[in-house]
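This is query.txt (compact mmCIF, C-alpha atoms).
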# COMPACT_ATOMS: atom_id res chain seq x y z
CA MET A 139 86.67 60.17 -78.69
CA LEU A 140 87.42 60.15 -82.38
CA SER A 141 84.70 60.87 -84.91
CA GLN A 142 83.65 58.21 -87.38
CA VAL A 143 84.99 60.40 -90.19
CA THR A 144 88.43 60.45 -88.55
CA ILE A 145 88.38 56.69 -87.94
CA THR A 146 87.37 55.97 -91.54
CA THR A 147 90.01 58.34 -92.93
CA VAL A 148 92.81 56.87 -90.81
CA LYS A 149 91.84 53.30 -91.70
CA ALA A 150 91.88 54.26 -95.38
CA THR A 151 95.60 55.06 -95.06
CA VAL A 152 96.51 51.46 -94.17
CA PRO A 153 97.53 50.49 -97.75
CA ALA A 154 99.76 53.59 -98.00
CA LEU A 155 101.36 52.80 -94.65
CA GLU A 156 101.95 49.19 -95.67
CA ALA A 157 103.71 50.41 -98.81
CA HIS A 158 105.56 53.44 -97.45
CA GLY A 159 105.67 53.11 -93.66
CA LYS A 160 109.46 52.65 -93.47
CA ASP A 161 109.99 55.61 -95.81
CA ILE A 162 107.80 57.77 -93.58
CA THR A 163 109.56 56.81 -90.36
CA THR A 164 113.00 57.22 -91.96
CA ALA A 165 112.07 60.75 -93.05
CA PHE A 166 110.55 61.35 -89.62
CA TYR A 167 113.71 60.54 -87.66
CA LYS A 168 115.96 62.46 -90.07
CA LYS A 169 113.83 65.58 -89.66
CA LEU A 170 113.41 65.05 -85.90
CA PHE A 171 117.15 65.04 -85.23
CA GLU A 172 117.82 67.91 -87.63
CA THR A 173 115.33 70.16 -85.84
CA HIS A 174 115.76 68.82 -82.29
CA PRO A 175 119.29 67.37 -82.02
CA GLN A 176 119.03 67.34 -78.20
CA LEU A 177 116.84 64.24 -78.57
CA LEU A 178 119.96 62.34 -79.63
CA ASN A 179 120.72 62.27 -75.90
CA ILE A 180 117.72 59.94 -75.51
CA PHE A 181 117.56 57.78 -78.63
CA ASN A 182 119.75 54.72 -79.19
CA HIS A 183 122.07 55.67 -82.07
CA THR A 184 122.75 52.06 -83.03
CA ASN A 185 119.05 51.31 -83.46
CA GLN A 186 118.81 54.39 -85.67
CA GLN A 187 121.80 53.47 -87.80
CA LYS A 188 120.62 49.91 -88.36
CA GLY A 189 117.01 50.89 -89.09
CA ARG A 190 115.57 49.02 -86.10
CA GLN A 191 113.83 52.06 -84.63
CA GLN A 192 112.42 53.03 -88.03
CA ASN A 193 111.01 49.52 -88.51
CA ALA A 194 109.54 49.44 -85.01
CA LEU A 195 107.84 52.83 -85.39
CA ALA A 196 106.48 51.88 -88.82
CA THR A 197 104.98 48.73 -87.29
CA THR A 198 103.45 50.76 -84.44
CA ILE A 199 101.92 53.37 -86.78
CA LEU A 200 100.45 50.68 -89.02
CA ALA A 201 98.93 48.90 -86.01
CA ALA A 202 97.46 52.20 -84.80
CA ALA A 203 95.82 52.74 -88.18
CA LYS A 204 94.38 49.22 -88.28
CA TYR A 205 93.02 49.37 -84.72
CA ILE A 206 92.19 53.06 -84.42
CA ASP A 207 88.63 52.07 -83.48
CA GLN A 208 89.84 49.40 -81.02
CA LEU A 209 92.76 51.05 -79.28
CA GLU A 210 92.39 48.71 -76.33
CA VAL A 211 93.92 46.00 -78.57
CA LEU A 212 97.15 48.00 -78.57
CA LEU A 213 97.35 48.44 -74.79
CA PRO A 214 99.85 45.57 -74.13
CA ALA A 215 102.21 47.02 -76.75
CA VAL A 216 101.66 50.53 -75.39
CA LYS A 217 102.65 49.38 -71.90
CA GLN A 218 105.81 47.66 -73.15
CA ILE A 219 106.86 50.77 -75.07
CA ALA A 220 105.90 53.00 -72.13
CA HIS A 221 108.24 51.06 -69.84
CA LYS A 222 111.10 51.81 -72.23
CA HIS A 223 110.06 55.46 -72.49
CA ARG A 224 109.95 55.85 -68.72
CA SER A 225 113.32 54.17 -68.37
CA LEU A 226 114.80 56.56 -70.97
CA GLN A 227 113.05 59.63 -69.51
CA VAL A 228 110.72 60.40 -72.42
CA LYS A 229 108.47 63.18 -71.12
CA PRO A 230 105.06 64.71 -72.09
CA GLU A 231 106.75 67.71 -73.69
CA HIS A 232 108.34 65.43 -76.28
CA TYR A 233 105.02 64.27 -77.73
CA PRO A 234 104.00 67.50 -79.54
CA ILE A 235 107.42 67.54 -81.21
CA VAL A 236 106.94 63.95 -82.38
CA GLY A 237 103.39 64.65 -83.61
CA GLU A 238 104.37 67.69 -85.64
CA THR A 239 107.32 65.87 -87.21
CA LEU A 240 105.25 62.77 -87.99
CA LEU A 241 102.65 64.79 -89.90
CA TRP A 242 105.45 66.50 -91.80
CA ALA A 243 106.95 63.10 -92.73
CA ILE A 244 103.59 61.74 -93.92
CA LYS A 245 103.18 64.76 -96.20
CA ASP A 246 106.81 64.64 -97.34
CA VAL A 247 106.63 60.98 -98.40
CA LEU A 248 103.05 60.72 -99.68
CA GLY A 249 102.96 64.14 -101.34
CA ASP A 250 99.59 65.13 -102.82
CA ALA A 251 98.10 61.82 -101.63
CA ALA A 252 98.35 63.17 -98.08
CA THR A 253 95.37 65.49 -98.35
CA ASP A 254 94.37 68.05 -95.75
CA ASP A 255 91.64 65.66 -94.58
CA ILE A 256 94.17 62.85 -94.05
CA LEU A 257 96.60 65.08 -92.19
CA HIS A 258 93.79 66.46 -90.01
CA ALA A 259 92.54 62.93 -89.21
CA TRP A 260 96.04 61.71 -88.36
CA GLY A 261 96.60 64.80 -86.24
CA GLU A 262 93.50 63.97 -84.21
CA ALA A 263 94.39 60.28 -84.00
CA TYR A 264 97.93 61.03 -82.89
CA GLY A 265 96.63 63.35 -80.18
CA VAL A 266 94.47 60.58 -78.71
CA ILE A 267 97.27 57.99 -78.90
CA ALA A 268 99.79 60.43 -77.40
CA ASP A 269 97.41 61.11 -74.51
CA ILE A 270 97.22 57.37 -73.83
CA PHE A 271 101.01 57.08 -73.75
CA ILE A 272 101.37 60.16 -71.55
CA SER A 273 98.76 58.87 -69.11
CA VAL A 274 100.32 55.40 -68.86
CA GLU A 275 103.83 56.82 -68.54
CA ASN A 276 102.80 59.36 -65.88
CA GLU A 277 101.50 56.47 -63.77
CA MET A 278 104.80 54.66 -64.29
CA TYR A 279 106.83 57.73 -63.31
CA GLU A 280 104.78 58.16 -60.14
CA LYS A 281 105.04 54.49 -59.24
CA ALA A 282 108.79 54.39 -59.89
CA ALA A 283 109.34 57.45 -57.70
CA ALA A 284 107.27 55.90 -54.90
CA ASP A 285 108.82 52.42 -55.20
CA TYR A 286 112.46 53.37 -55.74
CA GLY A 287 112.75 56.80 -54.16
CA TRP A 288 114.35 58.68 -57.05
CA GLU A 289 113.41 60.31 -60.32
CA GLY A 290 115.47 60.55 -63.47
CA TYR A 291 119.07 59.35 -63.43
CA LYS A 292 120.86 58.54 -60.18
CA SER A 293 124.61 58.08 -59.69
CA PHE A 294 125.84 54.54 -58.96
CA ILE A 295 129.35 53.26 -58.28
CA VAL A 296 130.77 50.10 -59.86
CA SER A 297 131.62 48.03 -56.78
CA LYS A 298 132.73 44.91 -58.65
CA LYS A 299 133.47 43.87 -62.24
CA VAL A 300 133.40 40.16 -63.13
CA GLN A 301 134.07 38.46 -66.47
CA GLU A 302 131.39 35.83 -67.10
CA SER A 303 132.61 34.63 -70.50
CA ASP A 304 134.86 35.81 -73.32
CA ASN A 305 132.25 38.39 -74.35
CA ILE A 306 130.05 39.04 -71.28
CA THR A 307 131.09 41.01 -68.20
CA SER A 308 128.99 41.73 -65.10
CA PHE A 309 129.01 45.07 -63.32
CA TYR A 310 127.84 45.29 -59.70
CA LEU A 311 126.35 48.72 -59.00
CA LYS A 312 125.80 50.39 -55.63
CA ALA A 313 124.07 53.71 -55.05
CA GLN A 314 126.68 56.45 -54.67
CA ASP A 315 124.74 58.03 -51.79
CA GLY A 316 124.84 54.74 -49.90
CA SER A 317 121.08 54.32 -49.92
CA LYS A 318 119.46 50.90 -49.83
CA LEU A 319 117.81 49.67 -53.02
CA PRO A 320 114.13 48.68 -53.01
CA MET A 321 113.34 45.32 -54.60
CA PHE A 322 112.82 45.10 -58.35
CA SER A 323 110.76 42.49 -60.17
CA PRO A 324 112.97 39.67 -61.54
CA GLY A 325 113.30 40.10 -65.29
CA GLN A 326 113.33 43.90 -65.26
CA TYR A 327 116.05 46.13 -66.71
CA ILE A 328 117.68 49.48 -66.03
CA SER A 329 118.93 52.22 -68.34
CA ILE A 330 122.49 53.38 -67.93
CA ARG A 331 123.78 56.65 -69.39
CA VAL A 332 127.41 57.38 -70.19
CA SER A 333 129.40 60.32 -71.50
CA ILE A 334 132.12 58.91 -73.75
CA PRO A 335 135.11 61.16 -74.49
CA GLY A 336 134.88 62.52 -78.01
CA GLU A 337 131.14 61.91 -78.31
CA GLN A 338 128.89 64.94 -78.76
CA TYR A 339 125.84 63.36 -77.14
CA LEU A 340 125.14 61.24 -74.10
CA LEU A 341 124.66 57.54 -74.86
CA ASN A 342 122.28 55.22 -73.06
CA ARG A 343 121.55 51.51 -73.13
CA GLN A 344 119.14 49.20 -71.32
CA TYR A 345 120.50 46.10 -69.58
CA SER A 346 118.71 43.33 -67.71
CA LEU A 347 119.22 42.99 -63.98
CA THR A 348 120.82 39.59 -63.46
CA ALA A 349 121.15 39.08 -59.70
CA LEU A 350 118.70 38.12 -56.99
CA PRO A 351 116.75 41.28 -56.06
CA ASN A 352 118.42 42.72 -52.97
CA GLU A 353 118.84 46.05 -51.22
CA ASP A 354 122.61 46.37 -51.63
CA TYR A 355 123.41 46.30 -55.37
CA TYR A 356 122.19 45.88 -58.92
CA ARG A 357 124.03 43.62 -61.33
CA ILE A 358 124.00 44.03 -65.10
CA SER A 359 125.76 41.65 -67.48
CA VAL A 360 126.91 43.28 -70.70
CA LYS A 361 127.82 41.59 -73.96
CA ARG A 362 130.72 43.19 -75.81
CA GLU A 363 129.35 43.94 -79.28
CA ALA A 364 131.61 43.77 -82.31
CA LEU A 365 132.69 47.17 -83.61
CA GLU A 366 131.31 46.61 -87.10
CA GLY A 367 130.80 50.31 -87.68
CA LEU A 368 129.96 53.31 -85.60
CA PRO A 369 128.13 53.40 -83.30
CA GLU A 370 127.73 49.61 -83.10
CA GLY A 371 129.26 48.33 -79.89
CA LYS A 372 130.30 51.78 -78.73
CA VAL A 373 128.73 51.63 -75.26
CA SER A 374 129.43 47.96 -74.57
CA ASN A 375 133.08 48.32 -75.54
CA TYR A 376 133.40 51.47 -73.43
CA LEU A 377 132.00 49.59 -70.43
CA HIS A 378 134.27 46.59 -71.00
CA ASN A 379 137.43 48.59 -71.68
CA PHE A 380 137.19 51.72 -69.56
CA VAL A 381 134.61 51.34 -66.78
CA ASN A 382 136.19 49.76 -63.71
CA GLU A 383 135.57 49.37 -60.01
CA GLY A 384 135.11 52.78 -58.42
CA ASN A 385 133.79 54.45 -61.58
CA HIS A 386 130.34 56.05 -61.72
CA LEU A 387 127.38 55.26 -63.97
CA GLU A 388 124.04 57.09 -64.21
CA VAL A 389 121.06 54.77 -63.76
CA THR A 390 117.28 55.04 -63.97
CA ALA A 391 114.94 52.98 -61.79
CA PRO A 392 114.12 49.40 -62.91
CA ALA A 393 111.49 49.04 -65.61
CA GLY A 394 109.82 46.40 -67.77
CA ASP A 395 107.01 43.87 -67.59
CA PHE A 396 108.95 40.78 -68.71
CA THR A 397 108.58 39.22 -65.27
CA ILE A 398 107.38 35.99 -63.69
CA ASN A 399 104.62 35.08 -61.28
CA ILE A 400 106.53 33.47 -58.40
CA ASP A 401 103.33 32.06 -56.91
CA ASP A 402 102.37 30.12 -60.05
CA SER A 403 102.94 26.36 -60.04
CA ALA A 404 103.01 25.60 -63.78
CA PRO A 405 106.22 24.19 -65.28
CA ILE A 406 108.42 26.99 -66.58
CA HIS A 407 110.75 26.86 -69.57
CA PHE A 408 113.46 29.46 -70.15
CA ILE A 409 114.66 29.41 -73.77
CA ALA A 410 117.57 31.71 -74.61
CA ALA A 411 120.29 32.32 -77.14
CA GLY A 412 123.50 34.13 -76.30
CA VAL A 413 123.09 37.13 -74.02
CA GLY A 414 119.34 36.46 -73.99
CA ILE A 415 119.98 34.40 -70.85
CA THR A 416 120.45 37.59 -68.79
CA PRO A 417 116.85 38.39 -67.78
CA PHE A 418 116.39 34.77 -66.72
CA MET A 419 119.18 34.91 -64.15
CA SER A 420 117.28 37.11 -61.68
CA MET A 421 114.19 34.96 -62.26
CA LEU A 422 116.09 31.76 -61.47
CA HIS A 423 117.71 33.25 -58.38
CA THR A 424 114.29 34.39 -57.17
CA LEU A 425 112.75 30.96 -57.74
CA ALA A 426 115.62 29.39 -55.83
CA GLY A 427 115.19 31.87 -52.99
CA SER A 428 111.48 31.09 -52.73
CA ASN A 429 112.08 27.34 -52.30
CA SER A 430 110.03 26.73 -55.42
CA HIS A 431 109.18 23.13 -56.34
CA ARG A 432 108.09 24.03 -59.87
CA ALA A 433 109.53 22.06 -62.75
CA ILE A 434 112.07 24.43 -64.28
CA SER A 435 114.07 23.94 -67.46
CA VAL A 436 116.66 26.09 -69.20
CA ILE A 437 117.59 25.77 -72.86
CA HIS A 438 120.53 28.00 -73.72
CA ALA A 439 122.07 28.19 -77.19
CA VAL A 440 125.57 29.67 -77.46
CA GLN A 441 128.14 29.88 -80.19
CA ASN A 442 130.80 27.95 -78.31
CA GLU A 443 132.02 27.03 -74.84
CA LYS A 444 134.14 30.18 -74.44
CA LEU A 445 131.06 32.35 -74.92
CA HIS A 446 128.96 30.39 -72.44
CA ALA A 447 128.18 32.76 -69.56
CA PHE A 448 126.79 31.81 -66.12
CA HIS A 449 127.55 28.11 -66.44
CA GLN A 450 128.97 27.83 -62.91
CA GLU A 451 126.17 29.99 -61.51
CA LEU A 452 123.54 27.72 -63.07
CA THR A 453 125.35 24.73 -61.62
CA GLU A 454 125.04 26.29 -58.16
CA LEU A 455 121.37 27.04 -58.77
CA HIS A 456 120.87 23.38 -59.63
CA GLU A 457 121.82 22.54 -56.04
CA LYS A 458 119.18 24.94 -54.70
CA LEU A 459 116.26 24.04 -56.96
CA SER A 460 114.55 20.71 -56.42
CA ASN A 461 113.27 20.20 -59.98
CA PHE A 462 115.68 21.94 -62.34
CA ASN A 463 117.35 20.79 -65.56
CA ALA A 464 119.27 22.54 -68.30
CA SER A 465 120.37 21.83 -71.86
CA PHE A 466 123.16 23.76 -73.54
CA TYR A 467 123.58 23.88 -77.31
CA TYR A 468 127.02 24.74 -78.73
CA GLU A 469 126.87 25.77 -82.36
CA GLU A 470 130.58 25.18 -82.94
CA GLY A 471 133.45 23.29 -81.33
CA ASN A 472 133.51 20.10 -79.33
CA VAL A 473 131.17 19.66 -76.39
CA SER A 474 133.03 19.17 -73.12
CA GLN A 475 132.03 16.24 -70.93
CA LYS A 476 131.17 18.10 -67.77
CA GLN A 477 130.26 16.09 -64.70
CA ASN A 478 126.85 17.33 -63.58
CA ALA A 479 123.17 16.83 -64.28
CA PHE A 480 123.06 19.11 -67.32
CA GLN A 481 122.88 18.08 -70.95
CA TYR A 482 125.37 19.33 -73.56
CA LEU A 483 124.65 19.10 -77.28
CA SER A 484 126.29 20.17 -80.50
CA GLY A 485 124.32 22.23 -83.01
CA ARG A 486 121.32 24.48 -82.71
CA VAL A 487 117.98 24.39 -80.92
CA ASN A 488 115.64 22.56 -83.30
CA ASP A 489 112.13 21.18 -83.64
CA ASP A 490 113.00 18.05 -81.67
CA THR A 491 114.20 20.21 -78.80
CA LEU A 492 110.91 22.06 -78.57
CA HIS A 493 108.73 19.01 -79.19
CA GLN A 494 110.08 17.42 -76.00
CA LEU A 495 108.90 20.25 -73.73
CA ASP A 496 105.91 19.98 -71.42
CA THR A 497 103.00 21.60 -73.28
CA THR A 498 101.23 22.56 -70.05
CA GLY A 499 103.89 25.02 -68.91
CA VAL A 500 104.80 28.62 -69.62
CA TYR A 501 107.59 29.58 -71.98
CA TYR A 502 109.93 32.55 -71.64
CA ILE A 503 112.01 33.32 -74.73
CA CYS A 504 114.79 35.86 -75.21
CA GLY A 505 117.56 36.21 -77.78
CA PRO A 506 118.30 37.50 -81.28
CA VAL A 507 115.24 38.23 -83.42
CA PRO A 508 115.63 35.25 -85.86
CA PHE A 509 116.03 32.84 -82.93
CA MET A 510 112.95 34.20 -81.21
CA GLN A 511 110.86 34.17 -84.38
CA TYR A 512 111.78 30.53 -84.93
CA VAL A 513 111.11 29.42 -81.34
CA VAL A 514 107.85 31.32 -80.89
CA SER A 515 106.39 30.33 -84.27
CA THR A 516 107.35 26.68 -83.64
CA LEU A 517 105.67 26.71 -80.23
CA TYR A 518 102.52 28.13 -81.81
CA LYS A 519 102.60 25.33 -84.41
CA LEU A 520 102.75 22.82 -81.56
CA GLY A 521 99.50 24.20 -80.22
CA ILE A 522 100.99 26.23 -77.38
CA SER A 523 98.65 29.16 -76.71
CA LYS A 524 99.72 32.80 -76.87
CA GLU A 525 98.99 33.11 -73.16
CA GLN A 526 101.68 30.51 -72.45
CA VAL A 527 104.38 32.22 -74.54
CA ILE A 528 106.15 35.31 -73.17
CA TYR A 529 109.05 36.92 -74.97
CA GLU A 530 111.28 39.97 -74.73
CA PHE A 531 113.22 41.77 -77.45
CA PHE A 532 116.44 43.59 -76.73
CA GLY A 533 115.95 46.88 -78.57
CA PRO A 534 112.85 48.43 -80.16
CA SER A 535 109.63 46.46 -79.90
CA MET A 536 109.19 44.03 -82.77
CA LYS A 537 106.43 41.68 -83.84
CA ILE A 538 106.70 37.92 -84.09
CA LYS A 539 105.35 36.58 -87.35
CA GLU A 540 102.77 33.91 -86.70
CA GLN A 541 102.97 30.96 -89.06
So, in terms of structure tokens, how does the structure I just supplied come out?
Amino acid sequence: MLSQVTITTVKATVPALEAHGKDITTAFYKKLFETHPQLLNIFNHTNQQKGRQQNALATTILAAAKYIDQLEVLLPAVKQIAHKHRSLQVKPEHYPIVGETLLWAIKDVLGDAATDDILHAWGEAYGVIADIFISVENEMYEKAAADYGWEGYKSFIVSKKVQESDNITSFYLKAQDGSKLPMFSPGQYISIRVSIPGEQYLLNRQYSLTALPNEDYYRISVKREALEGLPEGKVSNYLHNFVNEGNHLEVTAPAGDFTINIDDSAPIHFIAAGVGITPFMSMLHTLAGSNSHRAISVIHAVQNEKLHAFHQELTELHEKLSNFNASFYYEEGNVSQKQNAFQYLSGRVNDDTLHQLDTTGVYYICGPVPFMQYVVSTLYKLGISKEQVIYEFFGPSMKIKEQ
């Protein structure tokens, strides 16, 4: 329990965090990696370089300050972050390092304004928040070990490699020891870790599982990112160019809470842009396998026909699902006249697209941040409740701006 003095002091730092939060988290990560470079084996270097992790941490710290007396409000976000931590093997011994470095960064950025009282209050508050994360993550580690039968990273073999579009390739992964794979929840992801020649540190990425849950293999479907500057696209290009059938990848057990309730009967709308379709593939396969009669719709926005992944697979799913329709939006190029029940449109997903959806259903959204912000805020404007809207970011947790 935090004292009222601590709560009041932490809340009083909200204006400073609103003004300098990104500066604090930038200083934090710089110091963290200078003093503990081994943590670069865990953190996503691209998210660091592009400032995504700094923004996400600044948002989390600000929320903690605002709700320090109502920490239960933060529990959904804590669980989402904890899933990522468990998948990346963040452990209890990392938290004191983070706490010490965070207090240093607050003092470094705020200077004399960060009094001893403020630093003491934030030290206490961080201790309570860290204990919550450690407790939640310990439960996740125990559950993952019980459900999947392994801890940490396990060696898998690429049994098949399939090109899905000009920029997305699927990798079928089987356990190297030949063991059967327990079922995952459709919509979950795994972390893979690679050692790339010439790189000082191990690199890891999280990819959605895209096949029907089964005991023989996992499938991930990886978008080749443009090499705009190191380390952007480093892992995806390594996978596309150098990882082939018979090669090994290190994998942690499935994680994530972006999943569906198979037993629900409400209409379900999957709204994706680009590679954001990937978590929906295992969901759709599971719905098809359960003989679901739910009304199911897919809206998928892609740049052009060559970058349209899973089109044939969705066509096959259409034959298995009794009440399934899909609309594909091509931002550029001519729309082919394909002969099936799907709809093909030129341009982008717009207000008219979303206005036509059944307002009684549930909405799953995944894609680039601007796309998701537009779709989610538009659904809210239409009167769709927060309980009906479920979304997943690829990368650090972000917040949708409500309009």
Which residue of A:Lys299, A:Lys524, A:His431, A:Lys292 approaches Ser317 in chain A most closely, using all atoms listed in the file: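 Selected residue with least distance to Ser317 in chain A: A:Lys292.
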Of the listed residues A:Ser273, A:Asn179, A:Gln186, A:Gln338, that which approaches Gln227 in chain A most closely, counting only C-alpha atoms: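 Among the listed residues, the smallest separation from Gln227 in chain A belongs to A:Asn179.
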Length of the CA of His423 in chain A to CA of Val389 in chain A vector [Å]: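 Computing it gives 22.4 Å between the two atoms.
Interatomic distance, CA of Leu425 in chain A to CA of Leu455 in chain A: 9.5 Å.
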Protein, DNA and RNA residues within 12 Å of (125.8, 45.1, -64.1), all atoms listed in the file, as a VMD selection string: chain A and resid 294 to 302 306 to 312 327 to 330 343 to 349 355 to 361 374 377 to 378 381 to 383 387 389 416 to 417 420
